[in-house]
$ cat model-v2.cif   # mmCIF, C-alpha atoms and all ligand atoms
data_upload
#
loop_
_atom_site.label_atom_id
_atom_site.label_comp_id
_atom_site.auth_asym_id
_atom_site.auth_seq_id
_atom_site.Cartn_x
_atom_site.Cartn_y
_atom_site.Cartn_z
CA MET A 1061 -187.62 46.26 -62.41
CA THR A 1062 -190.18 43.50 -62.63
CA GLU A 1063 -189.16 40.08 -63.94
CA PRO A 1064 -189.80 39.54 -67.66
CA LEU A 1065 -192.83 37.39 -68.43
CA ILE A 1066 -192.22 35.01 -71.33
CA LEU A 1067 -194.92 33.02 -73.11
CA GLY A 1068 -193.42 29.76 -74.44
CA ILE A 1069 -194.94 27.70 -77.28
CA GLU A 1070 -193.79 24.18 -78.22
CA SER A 1071 -195.03 21.87 -81.01
CA SER A 1072 -191.91 20.04 -82.28
CA CYS A 1073 -193.31 16.51 -81.99
CA ASP A 1074 -196.44 15.11 -80.35
CA GLU A 1075 -197.05 17.56 -77.50
CA THR A 1076 -198.85 20.87 -78.00
CA ALA A 1077 -197.62 23.00 -75.12
CA ALA A 1078 -197.75 26.57 -73.85
CA ALA A 1079 -196.40 28.06 -70.63
CA VAL A 1080 -195.71 31.33 -68.88
CA VAL A 1081 -192.38 31.74 -67.05
CA ALA A 1082 -191.31 34.73 -64.94
CA GLY A 1083 -187.67 35.72 -64.70
CA GLY A 1084 -186.48 32.51 -66.38
CA ARG A 1085 -187.02 30.69 -63.08
CA LYS A 1086 -190.64 30.69 -61.98
CA VAL A 1087 -193.19 28.54 -63.86
CA LEU A 1088 -196.53 30.39 -63.65
CA SER A 1089 -198.27 27.84 -65.89
CA ASN A 1090 -197.28 24.78 -67.91
CA ILE A 1091 -200.02 23.34 -70.13
CA ILE A 1092 -199.30 20.19 -72.17
CA ALA A 1093 -201.80 18.55 -74.53
CA SER A 1094 -200.28 15.16 -75.28
CA GLN A 1095 -201.14 13.17 -78.39
CA ILE A 1096 -199.63 9.92 -77.11
CA ASP A 1097 -202.94 8.03 -77.07
CA LEU A 1098 -203.55 9.02 -80.68
CA HIS A 1099 -200.20 7.71 -81.97
CA LYS A 1100 -199.96 4.62 -79.73
CA LYS A 1101 -201.81 2.35 -82.14
CA TYR A 1102 -199.32 3.17 -84.90
CA GLY A 1103 -196.30 2.41 -82.68
CA GLY A 1104 -194.86 5.90 -83.18
CA VAL A 1105 -195.69 9.49 -84.12
CA VAL A 1106 -197.48 9.91 -87.46
CA PRO A 1107 -196.39 13.40 -88.63
CA GLU A 1108 -199.52 14.32 -90.59
CA ILE A 1109 -201.86 13.32 -87.79
CA ALA A 1110 -199.67 15.21 -85.32
CA SER A 1111 -199.79 18.43 -87.36
CA ARG A 1112 -203.56 18.30 -87.60
CA LYS A 1113 -203.92 17.73 -83.86
CA HIS A 1114 -201.54 20.62 -83.07
CA LEU A 1115 -203.69 22.88 -85.22
CA GLU A 1116 -206.78 22.03 -83.16
CA ALA A 1117 -205.00 22.36 -79.83
CA VAL A 1118 -202.61 25.26 -80.19
CA LEU A 1119 -204.89 28.25 -79.51
CA PRO A 1120 -206.87 26.64 -76.64
CA VAL A 1121 -203.58 25.54 -75.04
CA ILE A 1122 -202.13 29.07 -75.28
CA ARG A 1123 -205.33 30.54 -73.85
CA GLU A 1124 -205.25 28.03 -71.00
CA ALA A 1125 -201.60 28.82 -70.23
CA LEU A 1126 -202.35 32.56 -69.95
CA GLU A 1127 -205.43 31.93 -67.80
CA ALA A 1128 -203.65 29.50 -65.48
CA ALA A 1129 -200.81 32.01 -65.04
CA GLY A 1130 -203.34 34.76 -64.31
CA VAL A 1131 -201.87 37.07 -66.93
CA THR A 1132 -203.16 38.67 -70.12
CA LEU A 1133 -201.38 38.61 -73.44
CA GLU A 1134 -200.76 42.36 -73.01
CA GLN A 1135 -198.72 41.68 -69.86
CA ILE A 1136 -196.36 39.26 -71.68
CA ASP A 1137 -192.93 40.70 -72.53
CA ALA A 1138 -192.00 38.28 -75.34
CA ILE A 1139 -193.21 35.18 -77.17
CA ALA A 1140 -190.69 32.32 -77.37
CA VAL A 1141 -191.34 29.47 -79.76
CA THR A 1142 -189.55 26.28 -80.79
CA HIS A 1143 -188.34 26.57 -84.40
CA GLY A 1144 -186.33 23.33 -84.51
CA PRO A 1145 -185.30 20.59 -84.40
CA GLY A 1146 -188.48 18.59 -84.91
CA LEU A 1147 -191.09 17.60 -87.48
CA VAL A 1148 -191.51 20.36 -90.06
CA GLY A 1149 -195.32 20.22 -90.17
CA THR A 1150 -195.76 20.27 -86.41
CA LEU A 1151 -193.11 22.98 -85.88
CA LEU A 1152 -194.92 25.22 -88.37
CA VAL A 1153 -198.13 25.11 -86.34
CA GLY A 1154 -196.59 26.51 -83.15
CA LEU A 1155 -194.42 28.88 -85.14
CA SER A 1156 -197.35 30.32 -87.12
CA ALA A 1157 -199.39 30.81 -83.94
CA ALA A 1158 -196.45 32.56 -82.25
CA LYS A 1159 -195.79 34.79 -85.25
CA ALA A 1160 -199.45 35.76 -85.53
CA LEU A 1161 -199.62 36.64 -81.82
CA ALA A 1162 -196.35 38.59 -81.95
CA TYR A 1163 -197.52 40.53 -85.00
CA ALA A 1164 -201.00 41.24 -83.60
CA THR A 1165 -199.71 42.40 -80.21
CA ASP A 1166 -196.45 43.97 -81.37
CA LYS A 1167 -194.49 41.82 -78.89
CA PRO A 1168 -190.98 40.51 -79.55
CA LEU A 1169 -190.75 37.06 -81.14
CA ILE A 1170 -187.90 34.78 -80.07
CA GLY A 1171 -187.09 31.53 -81.91
CA VAL A 1172 -185.79 28.87 -79.53
CA ASN A 1173 -183.74 25.74 -80.23
CA HIS A 1174 -185.71 22.86 -78.67
CA LEU A 1175 -182.50 21.32 -77.27
CA HIS A 1176 -181.54 24.59 -75.57
CA GLY A 1177 -185.01 24.44 -74.03
CA HIS A 1178 -184.33 20.98 -72.57
CA ILE A 1179 -181.12 22.35 -71.02
CA ALA A 1180 -182.83 25.51 -69.68
CA ALA A 1181 -185.37 23.32 -67.82
CA ASN A 1182 -182.59 22.68 -65.28
CA PHE A 1183 -182.81 26.31 -64.19
CA LEU A 1184 -186.57 26.21 -63.48
CA VAL A 1185 -185.96 25.42 -59.84
CA ASP A 1186 -186.78 27.17 -56.57
CA GLU A 1187 -183.54 26.17 -54.92
CA GLU A 1188 -180.01 27.17 -55.99
CA PRO A 1189 -179.74 26.76 -59.80
CA PRO A 1190 -176.85 24.81 -61.40
CA GLN A 1191 -173.56 26.68 -61.49
CA PHE A 1192 -171.43 27.25 -64.61
CA PRO A 1193 -169.07 25.94 -65.86
CA LEU A 1194 -170.74 22.57 -66.13
CA VAL A 1195 -171.05 19.44 -68.23
CA CYS A 1196 -174.51 18.68 -69.62
CA LEU A 1197 -175.75 15.36 -70.97
CA VAL A 1198 -178.63 15.83 -73.41
CA VAL A 1199 -180.54 12.56 -73.81
CA SER A 1200 -183.75 12.81 -75.83
CA GLY A 1201 -185.60 10.89 -78.51
CA GLY A 1202 -183.39 12.32 -81.24
CA HIS A 1203 -180.17 13.37 -79.47
CA THR A 1204 -177.43 12.13 -77.19
CA ASP A 1205 -174.91 14.92 -76.74
CA LEU A 1206 -172.28 15.57 -74.11
CA ILE A 1207 -171.49 19.26 -73.86
CA TYR A 1208 -169.39 21.70 -71.86
CA MET A 1209 -171.13 24.97 -70.95
CA THR A 1210 -169.69 28.19 -69.59
CA GLY A 1211 -172.99 30.13 -69.67
CA HIS A 1212 -176.48 30.08 -71.17
CA GLY A 1213 -176.10 29.33 -74.87
CA GLN A 1214 -172.32 29.05 -74.55
CA MET A 1215 -171.48 25.47 -75.33
CA GLU A 1216 -168.81 23.21 -76.70
CA LEU A 1217 -169.71 19.78 -78.04
CA LEU A 1218 -167.57 17.07 -76.43
CA GLY A 1219 -169.24 13.94 -77.77
CA ARG A 1220 -172.41 12.55 -79.29
CA THR A 1221 -173.99 9.33 -80.43
CA ARG A 1222 -172.64 7.91 -83.63
CA ASP A 1223 -175.93 6.18 -84.46
CA ASP A 1224 -179.17 5.94 -82.45
CA ALA A 1225 -180.11 8.40 -79.71
CA ALA A 1226 -180.54 7.08 -76.16
CA GLY A 1227 -184.31 7.65 -76.23
CA GLU A 1228 -184.57 5.94 -79.59
CA ALA A 1229 -182.69 2.94 -78.13
CA PHE A 1230 -185.20 2.81 -75.24
CA ASP A 1231 -188.10 2.94 -77.72
CA LYS A 1232 -186.61 0.15 -79.88
CA ALA A 1233 -185.71 -2.05 -76.90
CA ALA A 1234 -189.29 -1.58 -75.72
CA ARG A 1235 -190.55 -3.01 -78.99
CA SER A 1236 -188.20 -6.01 -78.66
CA VAL A 1237 -189.71 -6.88 -75.28
CA GLY A 1238 -193.27 -6.38 -76.52
CA LEU A 1239 -193.95 -2.90 -75.12
CA GLY A 1240 -195.66 -0.05 -76.95
CA TYR A 1241 -194.85 3.59 -77.70
CA PRO A 1242 -193.33 5.58 -76.08
CA GLY A 1243 -191.02 2.89 -74.82
CA GLY A 1244 -188.79 4.70 -72.32
CA PRO A 1245 -191.16 5.00 -69.37
CA GLN A 1246 -192.48 1.44 -69.93
CA VAL A 1247 -188.98 -0.07 -70.08
CA GLU A 1248 -188.18 1.73 -66.83
CA LYS A 1249 -191.30 0.29 -65.17
CA LEU A 1250 -190.68 -3.25 -66.41
CA ALA A 1251 -186.98 -3.07 -65.46
CA LEU A 1252 -187.97 -2.56 -61.80
CA LEU A 1253 -189.02 -6.23 -61.77
CA GLY A 1254 -185.90 -7.55 -63.50
CA ASN A 1255 -182.30 -8.47 -62.70
CA PRO A 1256 -179.92 -6.06 -64.48
CA ASP A 1257 -177.14 -8.67 -64.45
CA ALA A 1258 -179.26 -11.46 -65.95
CA VAL A 1259 -178.53 -10.89 -69.65
CA PRO A 1260 -174.98 -10.20 -70.87
CA LEU A 1261 -175.23 -7.30 -73.34
CA PRO A 1262 -172.59 -5.20 -75.09
CA HIS A 1263 -171.92 -1.73 -73.72
CA ALA A 1264 -172.95 1.37 -75.64
CA ARG A 1265 -169.37 2.65 -75.80
CA THR A 1266 -167.24 3.58 -78.77
CA GLU A 1267 -163.54 4.15 -79.15
CA GLY A 1268 -164.12 7.93 -79.36
CA LEU A 1269 -163.44 9.52 -75.98
CA TYR A 1270 -166.90 10.96 -75.38
CA ASP A 1271 -168.96 9.40 -78.18
CA PHE A 1272 -171.70 6.82 -77.78
CA SER A 1273 -173.10 4.05 -79.94
CA PHE A 1274 -176.41 2.38 -79.18
CA SER A 1275 -177.15 0.40 -82.33
CA GLY A 1276 -175.11 -2.69 -81.34
CA LEU A 1277 -176.90 -2.83 -78.01
CA LYS A 1278 -180.28 -2.40 -79.69
CA THR A 1279 -179.52 -5.30 -82.06
CA ALA A 1280 -178.27 -7.48 -79.20
CA VAL A 1281 -181.55 -6.94 -77.32
CA LEU A 1282 -183.58 -7.83 -80.41
CA GLN A 1283 -181.47 -10.94 -81.16
CA TYR A 1284 -181.67 -12.13 -77.56
CA ALA A 1285 -185.47 -11.71 -77.59
CA GLN A 1286 -185.82 -13.50 -80.94
CA LYS A 1287 -183.58 -16.39 -79.87
CA ALA A 1288 -185.25 -16.82 -76.49
CA SER A 1289 -188.72 -16.73 -78.06
CA LYS A 1290 -187.91 -19.76 -80.26
CA ALA A 1291 -188.52 -21.86 -77.17
CA GLY A 1292 -191.93 -20.17 -76.72
CA PRO A 1293 -193.10 -16.68 -75.74
CA LEU A 1294 -190.80 -14.86 -73.33
CA SER A 1295 -191.92 -15.13 -69.71
CA ASP A 1296 -192.65 -11.94 -67.77
CA GLN A 1297 -189.43 -12.52 -65.82
CA GLN A 1298 -187.36 -12.92 -69.01
CA ARG A 1299 -188.80 -9.68 -70.41
CA ALA A 1300 -188.14 -7.82 -67.16
CA ASP A 1301 -184.57 -9.19 -66.97
CA LEU A 1302 -183.91 -8.09 -70.55
CA ALA A 1303 -185.34 -4.61 -69.90
CA ALA A 1304 -183.27 -4.23 -66.71
CA SER A 1305 -180.08 -5.46 -68.40
CA PHE A 1306 -180.61 -3.09 -71.34
CA GLN A 1307 -181.29 -0.15 -69.04
CA GLN A 1308 -178.16 -0.87 -67.03
CA ALA A 1309 -176.00 -1.08 -70.18
CA VAL A 1310 -177.28 2.33 -71.33
CA THR A 1311 -177.16 4.14 -68.02
CA SER A 1312 -173.74 2.84 -66.95
CA THR A 1313 -172.16 3.97 -70.21
CA LEU A 1314 -173.81 7.39 -70.05
CA ALA A 1315 -172.62 7.84 -66.47
CA GLU A 1316 -169.09 6.62 -67.19
CA LYS A 1317 -168.54 8.94 -70.15
CA THR A 1318 -170.12 11.90 -68.36
CA LEU A 1319 -167.75 11.43 -65.42
CA LYS A 1320 -164.80 11.25 -67.80
CA ALA A 1321 -165.87 14.54 -69.43
CA ALA A 1322 -166.55 16.27 -66.10
CA LYS A 1323 -163.12 15.29 -64.78
CA ALA A 1324 -161.34 16.34 -67.97
CA LYS A 1325 -163.04 19.74 -67.85
CA GLY A 1326 -162.53 20.08 -64.10
CA VAL A 1327 -166.18 20.93 -63.39
CA THR A 1328 -168.05 20.24 -60.15
CA GLN A 1329 -171.53 20.43 -61.72
CA VAL A 1330 -173.25 18.06 -64.14
CA ILE A 1331 -176.82 18.44 -65.42
CA LEU A 1332 -179.11 16.08 -67.35
CA ALA A 1333 -181.56 17.21 -70.04
CA GLY A 1334 -184.16 15.63 -72.34
CA GLY A 1335 -186.80 12.94 -72.02
CA VAL A 1336 -184.44 10.17 -70.88
CA ALA A 1337 -183.36 12.40 -67.97
CA ALA A 1338 -186.72 11.42 -66.42
CA ASN A 1339 -185.35 7.88 -66.02
CA GLY A 1340 -184.81 7.00 -62.36
CA ALA A 1341 -182.09 4.43 -63.09
CA LEU A 1342 -180.10 7.00 -65.08
CA ARG A 1343 -180.38 9.55 -62.27
CA ARG A 1344 -179.24 6.93 -59.76
CA ALA A 1345 -176.31 5.71 -61.89
CA MET A 1346 -175.21 9.31 -62.44
CA ARG A 1347 -175.47 10.20 -58.75
CA GLU A 1348 -173.54 7.09 -57.67
CA THR A 1349 -170.84 7.70 -60.28
CA LEU A 1350 -170.39 11.45 -59.74
CA ALA A 1351 -170.88 11.89 -55.97
CA PRO A 1352 -167.61 10.12 -54.94
CA HIS A 1353 -165.78 12.72 -57.06
CA GLY A 1354 -167.51 15.65 -55.38
CA ILE A 1355 -169.52 16.45 -58.52
CA ARG A 1356 -173.06 17.81 -58.02
CA LEU A 1357 -175.85 16.46 -60.22
CA GLY A 1358 -178.87 18.46 -61.35
CA TYR A 1359 -181.91 17.43 -63.37
CA PRO A 1360 -185.38 18.86 -63.94
CA PRO A 1361 -188.51 17.29 -62.40
CA PRO A 1362 -189.89 14.56 -64.73
CA ILE A 1363 -192.65 16.80 -66.16
CA LEU A 1364 -189.99 19.31 -67.29
CA CYS A 1365 -187.72 16.56 -68.72
CA THR A 1366 -190.10 15.48 -71.46
CA ASP A 1367 -191.38 18.01 -74.01
CA ASN A 1368 -193.02 21.08 -72.52
CA ALA A 1369 -193.19 24.83 -73.17
CA ALA A 1370 -191.90 26.07 -69.79
CA MET A 1371 -188.43 25.02 -70.93
CA ILE A 1372 -188.91 26.96 -74.19
CA ALA A 1373 -189.97 30.05 -72.23
CA ALA A 1374 -186.92 29.60 -69.94
CA ALA A 1375 -184.49 29.37 -72.87
CA GLY A 1376 -186.36 32.30 -74.47
CA HIS A 1377 -185.81 34.32 -71.31
CA TYR A 1378 -182.02 34.15 -71.59
CA LEU A 1379 -182.21 35.19 -75.24
CA TYR A 1380 -184.63 37.99 -74.35
CA VAL A 1381 -182.34 39.49 -71.71
CA ALA A 1382 -179.40 39.16 -74.12
CA GLY A 1383 -181.36 41.29 -76.61
CA VAL A 1384 -181.96 38.51 -79.14
CA ARG A 1385 -185.08 39.01 -81.29
CA SER A 1386 -186.36 37.01 -84.26
CA ALA A 1387 -187.85 38.48 -87.41
CA LEU A 1388 -191.38 37.57 -88.47
CA ASP A 1389 -189.97 35.47 -91.32
CA LEU A 1390 -188.52 33.03 -88.75
CA ASN A 1391 -188.80 29.59 -90.30
CA ALA A 1392 -188.93 26.00 -89.03
CA VAL A 1393 -185.55 24.23 -89.15
CA PRO A 1394 -186.32 20.51 -88.74
CA SER A 1395 -182.67 19.47 -88.49
CA LEU A 1396 -181.46 22.37 -86.34
CA GLY A 1397 -178.34 21.26 -84.45
CA LEU A 1398 -177.43 21.89 -80.84
CA LEU A 1399 -174.71 24.43 -81.66
O1 LIG B 1 -187.05 14.99 -74.94
P1 LIG B 1 -188.19 14.17 -75.40
O2 LIG B 1 -189.49 14.27 -74.66
O3 LIG B 1 -188.49 14.43 -76.90
C1 LIG B 1 -187.48 14.71 -77.81
O4 LIG B 1 -187.07 15.91 -77.87
O5 LIG B 1 -187.01 13.76 -78.45
O6 LIG B 1 -187.66 12.67 -75.36
C2 LIG B 1 -188.47 11.60 -75.72
C3 LIG B 1 -187.69 10.34 -75.46
C4 LIG B 1 -188.43 9.10 -75.95
O7 LIG B 1 -187.53 8.31 -76.66
C5 LIG B 1 -188.86 8.43 -74.65
O8 LIG B 1 -188.96 7.03 -74.74
C6 LIG B 1 -187.75 8.85 -73.71
O9 LIG B 1 -187.46 10.18 -74.06
N1 LIG B 1 -188.16 8.78 -72.30
C7 LIG B 1 -187.62 7.94 -71.40
C8 LIG B 1 -188.33 8.13 -70.19
N2 LIG B 1 -189.28 9.09 -70.40
C9 LIG B 1 -189.16 9.48 -71.70
N3 LIG B 1 -186.62 7.04 -71.52
C10 LIG B 1 -186.31 6.33 -70.42
N4 LIG B 1 -186.96 6.43 -69.23
C11 LIG B 1 -187.96 7.32 -69.07
N5 LIG B 1 -188.59 7.42 -67.91
ZN ZN B 2 -187.66 17.11 -76.60
#
$ encode --input "model-v2.cif" --output "structure tokens"
Amino acid sequence: MTEPLILGIESSCDETAAAVVAGGRKVLSNIIASQIDLHKKYGGVVPEIASRKHLEAVLPVIREALEAAGVTLEQIDAIAVTHGPGLVGTLLVGLSAAKALAYATDKPLIGVNHLHGHIAANFLVDEEPPQFPLVCLVVSGGHTDLIYMTGHGQMELLGRTRDDAAGEAFDKAARSVGLGYPGGPQVEKLALLGNPDAVPLPHARTEGLYDFSFSGLKTAVLQYAQKASKAGPLSDQQRADLAASFQQAVTSTLAEKTLKAAKAKGVTQVILAGGVAANGALRRAMRETLAPHGIRLGYPPPILCTDNAAMIAAAGHYLYVAGVRSALDLNAVPSLGLL
């Protein structure tokens, strides 16, 4: 039997993306039209502008993904599309395109949870894929969830953020040190020049065993920047020190709680998912924390950590082989949860 070919479509935020994945493992194409430059001047994503841009990009991006994969629409086995969580207007663009294609070609339509897509990106690897059972840390712009997984789609929530998501904290800290949107990658770059022990900041812990809280840390960064700037604009070194100290506070807490969860569940595999999983300091902190306990760490390559459609096709693959199909009245669910 040949491996199923899944066309993935993603439009939950500011990336219009389409991809073709074979057998849930092999990325045949991964096209991403980013709108970052468009939203930069507003300091964040403007939903109405994003929807309009998705509308212009969606069909050319799908066409490009099929061409780059060297397959025709007829050869595709199923169409997987993000139906939440995300911005309602942008979700509807990808969803409508997917529904129209599924209807016109009589192919199965599969609605995919965007967060399940981020997790599935870990399995898009040539080498040995992660082994279940495992603990997964989902760290994106809207989520920070610690979960226990026994199989694809089989998950138990262990902990989550009680306020801001990790990515959101990076974006807000970026603003406090005078960086633009999206903040995460820029904070990481600036932090390379700073001393992570220079600024004493609160940790992002809570009393809850596996829960996180980032709002106190975010406020501490802002207050430190405001106080320091009373004596004049922050020097480049001060900004870098603040970025590095913030990044260390976030990554050390994430690593510490993940280790605690992995040990409690007795797993030897941890995976990272979501945009913040692209962060080198987080990967390092995780590796250094988990390796002494014999726990393997997996994470997708950076391009598959941030929003893309290969991850949606991968998650769609596992649903496809499990016989899951969506009806043509599949709707966008902006606040769709992980479970
Ligand atoms: O998963 P994602 O692309 O979109 C959502 O589903 O939310 O995550 C976006 C988030 C943003 O907050 C962005 O600043 C953060 O991921 N991010 C990073 C890095 N790359 C993206 N945060 C820290 N370091 C990075 N290298
Ligand atoms: Zn995402």
$ closest_residue --input "model-v2.cif" --among "A:Gln1286, A:Thr1366, A:Gln1307, A:Gln1297" --to "ligand ZN 2 (chain B)" --atoms "all atoms listed in the file"
A:Thr1366
$ residues_near_ligand --input "model-v2.cif" --ligand "ligand ZN 2 (chain B)" --cutoff "12 Å" --atoms "all atoms listed in the file" --output "PyMOL selection string"
chain A and resi 1070-1077+1142+1144-1147+1173-1181+1198-1204+1225+1227-1228+1333-1338+1363-1369+1371-1372
$ residues_around --input "model-v2.cif" --residues "Val1141 (chain A)" --least-positions-apart "3" --cutoff "6 Å" --atoms "all atoms listed in the file" --output "PyMOL selection string"
chain A and resi 1068-1069+1171-1172
$ atom_distance --input "model-v2.cif" --atom1 "CA of His1143 (chain A)" --atom2 "CA of Ala1392 (chain A)"
4.7 Å
$ closest_residue --input "model-v2.cif" --among "A:Ala1288, A:Ala1125, A:Val1105, A:Leu1319" --to "ligand LIG 1 (chain B)" --atoms "only C-alpha atoms and all ligand atoms"
A:Val1105
$ axis_aligned_box --input "model-v2.cif" --around "ligand LIG 1 (chain B)" --padding-each-side "8 Å" --output "lines of an AutoDock Vina configuration file"
center_x = -187.9
center_y = 11.1
center_z = -73.2
size_x = 19.2
size_y = 25.6
size_z = 26.5
$ closest_residue --input "model-v2.cif" --among "A:Arg1265, A:Lys1249, A:Arg1299, A:Arg1356" --to "Ala1341 (chain A)" --atoms "all atoms listed in the file"
A:Lys1249
$ residues_around --input "model-v2.cif" --residues "Thr1132 (chain A)" --least-positions-apart "2" --cutoff "12 Å" --atoms "only C-alpha atoms" --output "PyMOL selection string"
chain A and resi 1065-1067+1080+1122-1130+1134-1137+1165
$ residues_near_point --input "model-v2.cif" --point "(-172.4, 24.7, -60.8)" --cutoff "12 Å" --atoms "all atoms listed in the file" --output "PyMOL selection string"
chain A and resi 1182-1183+1188-1196+1208-1211+1322+1326-1331+1354-1358
$ closest_residue --input "model-v2.cif" --among "A:Ser1236, A:Asn1339, A:Thr1279, A:Thr1266" --to "ligand LIG 1 (chain B)" --atoms "all atoms listed in the file"
A:Asn1339
$ closest_residue --input "model-v2.cif" --among "A:Leu1252, A:Val1081, A:Ala1258, A:Leu1184" --to "ligand LIG 1 (chain B)" --atoms "all atoms listed in the file"
A:Leu1252
$ closest_residue --input "model-v2.cif" --among "A:Ile1170, A:Ile1096, A:Val1259, A:Val1381" --to "Gly1083 (chain A)" --atoms "all atoms listed in the file"
A:Val1381
$ atom_distance --input "model-v2.cif" --atom1 "CA of Thr1062 (chain A)" --atom2 "CA of Glu1187 (chain A)"
20.1 Å
$ atom_distance --input "model-v2.cif" --atom1 "atom C10 of ligand LIG 1 (chain B)" --atom2 "CA of Gly1243 (chain A)"
7.3 Å
$ decode --input "model-v2.cif" --residues "region 1276-1289 of chain A" --atoms "N, CA, C and O atoms" --output "CSV table (one decimal), in the first residue's frame"
chain,number,residue,atom,x,y,z
A,1276,GLY,N,3.6,38.1,36.2
A,1276,GLY,CA,4.5,38.8,37.2
A,1276,GLY,C,5.8,39.1,36.6
A,1276,GLY,O,6.4,40.2,36.8
A,1277,LEU,N,6.3,38.1,35.9
A,1277,LEU,CA,7.6,38.3,35.2
A,1277,LEU,C,7.6,39.4,34.2
A,1277,LEU,O,8.5,40.3,34.1
A,1278,LYS,N,6.5,39.4,33.4
A,1278,LYS,CA,6.3,40.4,32.4
A,1278,LYS,C,6.3,41.8,33.0
A,1278,LYS,O,6.9,42.7,32.5
A,1279,THR,N,5.5,42.0,34.1
A,1279,THR,CA,5.4,43.3,34.8
A,1279,THR,C,6.8,43.7,35.4
A,1279,THR,O,7.2,44.8,35.3
A,1280,ALA,N,7.5,42.7,35.9
A,1280,ALA,CA,8.9,43.0,36.5
A,1280,ALA,C,9.8,43.5,35.4
A,1280,ALA,O,10.6,44.5,35.6
A,1281,VAL,N,9.7,42.9,34.2
A,1281,VAL,CA,10.6,43.4,33.1
A,1281,VAL,C,10.2,44.8,32.7
A,1281,VAL,O,11.1,45.7,32.6
A,1282,LEU,N,8.9,45.1,32.6
A,1282,LEU,CA,8.5,46.4,32.2
A,1282,LEU,C,8.9,47.5,33.3
A,1282,LEU,O,9.4,48.5,33.0
A,1283,GLN,N,8.7,47.1,34.6
A,1283,GLN,CA,9.0,48.0,35.7
A,1283,GLN,C,10.5,48.3,35.7
A,1283,GLN,O,11.0,49.4,35.9
A,1284,TYR,N,11.3,47.3,35.5
A,1284,TYR,CA,12.8,47.4,35.5
A,1284,TYR,C,13.2,48.4,34.4
A,1284,TYR,O,14.0,49.3,34.6
A,1285,ALA,N,12.6,48.2,33.2
A,1285,ALA,CA,12.9,49.0,32.0
A,1285,ALA,C,12.5,50.5,32.3
A,1285,ALA,O,13.3,51.4,32.0
A,1286,GLN,N,11.3,50.7,32.9
A,1286,GLN,CA,10.8,52.0,33.1
A,1286,GLN,C,11.7,52.7,34.1
A,1286,GLN,O,12.0,53.9,34.0
A,1287,LYS,N,12.1,52.0,35.2
A,1287,LYS,CA,12.9,52.6,36.3
A,1287,LYS,C,14.3,53.0,35.7
A,1287,LYS,O,14.7,54.1,36.0
A,1288,ALA,N,14.9,52.0,35.0
A,1288,ALA,CA,16.2,52.2,34.5
A,1288,ALA,C,16.2,53.4,33.5
A,1288,ALA,O,17.2,54.1,33.5
A,1289,SER,N,15.1,53.5,32.8
A,1289,SER,CA,15.1,54.6,31.7
A,1289,SER,C,14.9,56.0,32.3
A,1289,SER,O,15.1,57.0,31.6
